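Below is one structure, written out as structure tokens; the observations come after it.
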Amino acid sequence: MQRVILSLVFIVLSQPSQAALSVFACEPEWGALVREIGGDRVKVYTATNALQDPHHVQARPALISHLRRADLAVCTGAELEIGWLPVLLRKAGNARIRNGSPGLFMAAEQVQRLEIPRQLTRANGDVHASGNPHINTDPRRLAQVATALEKRLAEIDPAGSADYQHHYQDFAARWTAAIQRWRKQGEALRGKGWVVYHDQWVYLEDWLGIHRLGELEPKPGLPPTPAHLAELTTRLANQPPAMIVRAAMMDPRPARWLANKLDVPVVELPFTVGGADGAGDLFGLFDVTLKRLVGALE
Amino acid sequence: MHSFPLRVAMARVCGSLAISTSVFLPMVSHAASDQDVAELKAMIQQLRHDYEARIDTLEARLTQAEKAEAPTQSEQPSQPVSLPAPTPTPVAAASAFNPSIGVVLSGALRSYSNPAGNVPGFLGGGESAPGAEGLSLGESEISLSADIDNRFSGKLTASLADDDGETSIELEEAFLEAAIGNGMRLKGGRFLSNIGYLNPRHAHTDDFADRPLPYRLMLNGAYKDDGVGFAWVAPTDRYLEFGGEYLRGGQFPAAGAGHAGMGAWTAYLTLGDDIGFSGSWQAGLSYLDARADERLSGDPGAEDSFSGDSHLWIADAIWKWAPNGDPTLRNFKLQGEFFWRDEDGDFTPNGGTALPYSGRQRGWYVQAVYQFMPQWRFGSRIAGLNADDPGAALAGGALDPLGHDPRDYSLMLDWSNSEFSRLRLQYTYDKSTRQANNAWTLQYIMSLGAHGAHTY
């Protein structure tokens, strides 16, 4: 009996030291990456899902209450969340997570960014001064983010540094092997041209050597207009793209319309974790992406 | 764990160091014996040999690694393909420390079938009437905001308005905010009080061209004042925030900065959560206790005044819905607020003597806004007021509702080219005064420069 009581007391007392690190992930890809590296040591809350456009998320009450209790927030940065994250940070009143503190991890700051505008004017649409924020479409950049994230987790939770390193090495080995595989699969896409809905694939284009022939949005962030789609049809009639891609979160109708006009396939890509069946984790995300892209060529 | 290029570079540096040492060796060899020199030469030879061998192997492995199929890459997980270093966050110049500047431009064209009059039963402030008829410029707001240091941030908002040919600058907000930690934050300066749902929000984010009736008549648009505020978000799964403010009491519905310049205080409680992926809600209850010393009504023709205590309760609720929580294509929101106000004190009609007054007033509105396709939103709103009969002594005066329950019914349609620009058409059947008014408003709201994130 005494033993039972003692072990119960021990369980109760040991609970706090076992308390998982609470992580607030702005987007599903970072939630998935934190789970890979954090393992059992982290409890992840993902603020958005794959069907939500991360530019336009509302600063909902539930997001404030989760950010208030978080030990670490992992977001994209590069002004992707400019429309909602600052309000959450301000209202949450969490001293662990504020601009400049280690508790606020910005993935886009860990990699080289593309499309940094030379001229900053909203006449060019919703442009980001720090460059294109959609870095999650390049697995090489994800690997760089993973490296930095492992260090950050160890900095915030030094007791778990051995665990984080172990998980990281395991992930990195599997990831590197997967990149080889995806790259080989993606060889067929090199040099091909495509049309995208929103300029959110530049890093994938950079990785696989795909040329972007146009965007369905007349300017980044503005919905497609009939005039712009008509202009695209005329312009692309002579050099039709291999496919039109859109993320699961984007309106399917404009892509379908243009695809009919040009007689090319539309490919719906998951864009992030959870955006399609089989894209439940980061590996699945690129497996599905590559499979669908290569499939569209046949 | 070193990467390939780093190791190669290190090996090269060591190798060339050995080589350059051997080149310069004859110059110092006078001091050393022949045997020493021979020994050194042999050592260096050995070193050079070792490094050259290592460089060769490393270079061979590098070439192998550079081929896509290179199996050795699995040993070097962080370097699947060499990518350039992270882009530093761009810092333009010294101006990077300048505050963010945001400007809101608004203007309207209004048409009324009957000129706006006084709402019976209510003593409004100067902003209680709907906007001027015809073409007019709305408030143009300039706001500056920045982090002050790692603890404080500050914001200043000034609004410029044109009153009868004279441009006036009004200080809308000038406050600092500090995050204390553990969900607590402090605010100090002039700010919009956190009572109700619409009160802390800037009018340019409203869904209708005018504030609802209870806001216009009971809070003069919005209650803002000088003071300090405190808020605490509880560490719960469901969003739960408590807060309170101590304010000077110089602005409507307070007046005269009573109680030695601490004439008003507020307390509020806000709850909120998600309902599945698509829905979310927030509800709140707030209280404003204000001391009014000679609060003048905004009616320039007859400046009645009120001195006494004003107690206001506001209950607010909002429900938002968007398919899968993504409001880009379609979204819907339903919101409503209810006001109860008790005022006790003395009412002094223009040029008359003070009369005791104690009465209760109520106000409410319910509105729904639906974005049915990208850029386009449609909305409707019903708002109403109700005031107790103030008694025989005040019969026929401004506080006598004359048996009339003020109401207005609005429909609006707006189009936003981007999130920074909006054009709106609104129709209001206005029965707030005893004479019905058909009001049409065509409005634009544009934001330039830094545009702060919007609260829920």
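Just so we're on the same page: first chain in the structure tokens is A, next is B, and so on; residues restart at 1 for each chain, and ligands are numbered from 1 in the order they show up.
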
Who sits within 6 Å of Glu170 (chain B), only C-alpha atoms, same chain under 2 positions skipped, as a compact mmCIF listing (two decimals) with C-alpha atoms, in the first residue's frame:
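Dumped to around_25.txt:
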```
# COMPACT_ATOMS: atom_id res chain seq x y z
CA ALA B 158 -4.28 62.20 -34.75
CA SER B 159 -7.32 62.93 -36.79
CA GLU B 172 -7.44 60.46 -31.00
```

Which residues, written as a PyMOL selection string, have at least one atom at most 8 Å from Ile135 (chain A), with only C-alpha atoms counted and residues fewer than 3 positions away on the same chain left out?
chain A and resi 108+113+132+138+141-142+203

Kindly determine which residues of chain B lie within 6 Å of chain A, considering only C-alpha atoms, and give the answer as an MDAnalysis selection string.
chainID B and resid 74 77 80 85:87 179 181:185 239 272:273 326 453 455:456

Would you export the selected residues with N, CA and C atoms as a compact mmCIF listing (two decimals), in the first residue's frame, please?
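The file below, out_26.txt, is the result:
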```txt
# COMPACT_ATOMS: atom_id res chain seq x y z
N SER B 74 23.97 11.03 -47.11
CA SER B 74 23.17 10.72 -45.92
C SER B 74 23.99 10.95 -44.65
N PRO B 77 23.47 15.28 -43.21
CA PRO B 77 22.07 15.59 -43.40
C PRO B 77 21.76 17.08 -43.60
N PRO B 80 22.08 18.81 -47.80
CA PRO B 80 21.66 18.04 -48.95
C PRO B 80 22.10 18.72 -50.24
N ALA B 85 23.59 31.48 -47.55
CA ALA B 85 23.27 31.85 -46.18
C ALA B 85 21.93 32.59 -46.13
N PRO B 86 21.29 32.59 -44.93
CA PRO B 86 20.01 33.29 -44.81
C PRO B 86 20.11 34.75 -45.23
N THR B 87 19.02 35.24 -45.79
CA THR B 87 18.95 36.65 -46.15
C THR B 87 18.81 37.45 -44.87
N ALA B 179 3.99 45.00 -22.16
CA ALA B 179 3.67 43.61 -21.86
C ALA B 179 4.44 43.24 -20.61
N GLY B 181 4.03 40.24 -19.01
CA GLY B 181 4.25 38.80 -18.96
C GLY B 181 3.10 38.16 -18.21
N ASN B 182 3.05 36.82 -18.26
CA ASN B 182 1.95 36.08 -17.64
C ASN B 182 0.58 36.59 -18.09
N GLY B 183 0.51 37.02 -19.31
CA GLY B 183 -0.77 37.44 -19.86
C GLY B 183 -1.19 38.85 -19.47
N MET B 184 -0.32 39.57 -18.76
CA MET B 184 -0.71 40.91 -18.30
C MET B 184 -0.12 41.99 -19.19
N ARG B 185 -0.89 43.06 -19.39
CA ARG B 185 -0.35 44.21 -20.08
C ARG B 185 -0.92 45.48 -19.49
N TYR B 239 -10.48 31.51 -24.36
CA TYR B 239 -9.97 32.87 -24.18
C TYR B 239 -10.80 33.58 -23.10
N GLY B 272 -14.07 34.03 -25.29
CA GLY B 272 -14.15 33.71 -26.71
C GLY B 272 -13.55 32.35 -27.00
N ASP B 273 -13.95 31.77 -28.11
CA ASP B 273 -13.41 30.46 -28.48
C ASP B 273 -13.78 30.16 -29.94
N ASP B 326 -11.41 29.96 -43.49
CA ASP B 326 -10.70 30.81 -44.44
C ASP B 326 -11.64 31.89 -44.97
N ALA B 453 -2.38 45.34 -37.91
CA ALA B 453 -3.23 44.16 -37.96
C ALA B 453 -4.55 44.45 -37.26
N THR B 455 -7.85 43.64 -34.99
CA THR B 455 -8.25 42.75 -33.92
C THR B 455 -9.48 41.98 -34.38
N TYR B 456 -9.84 40.97 -33.59
CA TYR B 456 -10.94 40.09 -33.95
C TYR B 456 -12.22 40.88 -34.13
```

Tell me which protein, DNA and RNA residues are within 9 Å of Ala174 (chain B), counting only C-alpha atoms, leaving out same-chain ones fewer than 5 positions away, and put them as a PDB file with all heavy atoms, in the first residue's frame.
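See selection_15.pdb below for the written result:
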```
ATOM      1  N   GLY B 154       4.547  52.130 -28.420  1.00  0.00           N
ATOM      2  CA  GLY B 154       3.734  53.339 -28.346  1.00  0.00           C
ATOM      3  C   GLY B 154       3.001  53.597 -29.645  1.00  0.00           C
ATOM      4  O   GLY B 154       3.389  53.113 -30.712  1.00  0.00           O
ATOM      5  N   LYS B 155       1.937  54.367 -29.551  1.00  0.00           N
ATOM      6  CA  LYS B 155       1.160  54.699 -30.748  1.00  0.00           C
ATOM      7  C   LYS B 155       0.537  56.075 -30.576  1.00  0.00           C
ATOM      8  O   LYS B 155       0.097  56.432 -29.484  1.00  0.00           O
ATOM      9  CB  LYS B 155       0.061  53.656 -30.948  1.00  0.00           C
ATOM     10  CG  LYS B 155      -0.731  53.895 -32.216  1.00  0.00           C
ATOM     11  CD  LYS B 155      -1.764  52.825 -32.446  1.00  0.00           C
ATOM     12  CE  LYS B 155      -2.471  53.061 -33.779  1.00  0.00           C
ATOM     13  NZ  LYS B 155      -3.572  52.149 -34.004  1.00  0.00           N
ATOM     14  N   LEU B 156       0.538  56.816 -31.635  1.00  0.00           N
ATOM     15  CA  LEU B 156      -0.110  58.117 -31.624  1.00  0.00           C
ATOM     16  C   LEU B 156      -1.005  58.206 -32.852  1.00  0.00           C
ATOM     17  O   LEU B 156      -0.568  57.917 -33.959  1.00  0.00           O
ATOM     18  CB  LEU B 156       0.953  59.225 -31.657  1.00  0.00           C
ATOM     19  CG  LEU B 156       0.418  60.658 -31.532  1.00  0.00           C
ATOM     20  CD1 LEU B 156       1.343  61.475 -30.643  1.00  0.00           C
ATOM     21  CD2 LEU B 156       0.309  61.339 -32.873  1.00  0.00           C
ATOM     22  N   THR B 157      -2.255  58.568 -32.631  1.00  0.00           N
ATOM     23  CA  THR B 157      -3.176  58.738 -33.745  1.00  0.00           C
ATOM     24  C   THR B 157      -3.799  60.119 -33.652  1.00  0.00           C
ATOM     25  O   THR B 157      -4.355  60.483 -32.616  1.00  0.00           O
ATOM     26  CB  THR B 157      -4.299  57.687 -33.711  1.00  0.00           C
ATOM     27  OG1 THR B 157      -3.712  56.401 -33.596  1.00  0.00           O
ATOM     28  CG2 THR B 157      -5.148  57.754 -34.963  1.00  0.00           C
ATOM     29  N   ALA B 158      -3.662  60.876 -34.705  1.00  0.00           N
ATOM     30  CA  ALA B 158      -4.279  62.198 -34.745  1.00  0.00           C
ATOM     31  C   ALA B 158      -5.271  62.202 -35.880  1.00  0.00           C
ATOM     32  O   ALA B 158      -5.041  61.589 -36.928  1.00  0.00           O
ATOM     33  CB  ALA B 158      -3.216  63.263 -34.972  1.00  0.00           C
ATOM     34  N   GLY B 188      -1.098  53.167 -20.949  1.00  0.00           N
ATOM     35  CA  GLY B 188      -1.183  54.476 -20.320  1.00  0.00           C
ATOM     36  C   GLY B 188      -1.212  55.564 -21.373  1.00  0.00           C
ATOM     37  O   GLY B 188      -0.578  55.440 -22.425  1.00  0.00           O
ATOM     38  N   GLY B 189      -1.939  56.628 -21.109  1.00  0.00           N
ATOM     39  CA  GLY B 189      -2.019  57.722 -22.068  1.00  0.00           C
ATOM     40  C   GLY B 189      -3.455  57.958 -22.460  1.00  0.00           C
ATOM     41  O   GLY B 189      -4.373  57.715 -21.671  1.00  0.00           O
ATOM     42  N   ARG B 190      -3.660  58.427 -23.680  1.00  0.00           N
ATOM     43  CA  ARG B 190      -5.031  58.578 -24.172  1.00  0.00           C
ATOM     44  C   ARG B 190      -5.332  57.422 -25.096  1.00  0.00           C
ATOM     45  O   ARG B 190      -4.568  57.148 -26.019  1.00  0.00           O
ATOM     46  CB  ARG B 190      -5.200  59.897 -24.926  1.00  0.00           C
ATOM     47  CG  ARG B 190      -6.560  59.970 -25.631  1.00  0.00           C
ATOM     48  CD  ARG B 190      -6.840  61.316 -26.208  1.00  0.00           C
ATOM     49  NE  ARG B 190      -6.944  62.301 -25.149  1.00  0.00           N
ATOM     50  CZ  ARG B 190      -7.353  63.546 -25.341  1.00  0.00           C
ATOM     51  NH1 ARG B 190      -7.683  63.954 -26.551  1.00  0.00           N
ATOM     52  NH2 ARG B 190      -7.411  64.387 -24.354  1.00  0.00           N
ATOM     53  N   PHE B 191      -6.410  56.755 -24.837  1.00  0.00           N
ATOM     54  CA  PHE B 191      -6.749  55.603 -25.677  1.00  0.00           C
ATOM     55  C   PHE B 191      -8.252  55.399 -25.691  1.00  0.00           C
ATOM     56  O   PHE B 191      -8.981  55.957 -24.865  1.00  0.00           O
ATOM     57  CB  PHE B 191      -6.042  54.335 -25.188  1.00  0.00           C
ATOM     58  CG  PHE B 191      -6.208  54.058 -23.722  1.00  0.00           C
ATOM     59  CD1 PHE B 191      -7.295  53.355 -23.250  1.00  0.00           C
ATOM     60  CD2 PHE B 191      -5.265  54.523 -22.802  1.00  0.00           C
ATOM     61  CE1 PHE B 191      -7.448  53.102 -21.903  1.00  0.00           C
ATOM     62  CE2 PHE B 191      -5.414  54.282 -21.448  1.00  0.00           C
ATOM     63  CZ  PHE B 191      -6.513  53.566 -20.991  1.00  0.00           C
ATOM     64  N   ASP B 226      -8.071  59.988 -21.059  1.00  0.00           N
ATOM     65  CA  ASP B 226      -6.680  59.865 -20.610  1.00  0.00           C
ATOM     66  C   ASP B 226      -6.650  59.035 -19.332  1.00  0.00           C
ATOM     67  O   ASP B 226      -7.439  59.295 -18.426  1.00  0.00           O
ATOM     68  CB  ASP B 226      -6.082  61.243 -20.303  1.00  0.00           C
ATOM     69  CG  ASP B 226      -6.301  62.226 -21.433  1.00  0.00           C
ATOM     70  OD1 ASP B 226      -6.647  61.767 -22.534  1.00  0.00           O
ATOM     71  OD2 ASP B 226      -6.136  63.440 -21.212  1.00  0.00           O
TER      72      ASP B 226
END
```

Best match for closeness to Met412 (chain B) among B:Gly249, B:Asp207, B:Tyr429, B:Gly244, counting only C-alpha atoms
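So, comparing all the options, the nearest one is B:Asp207.
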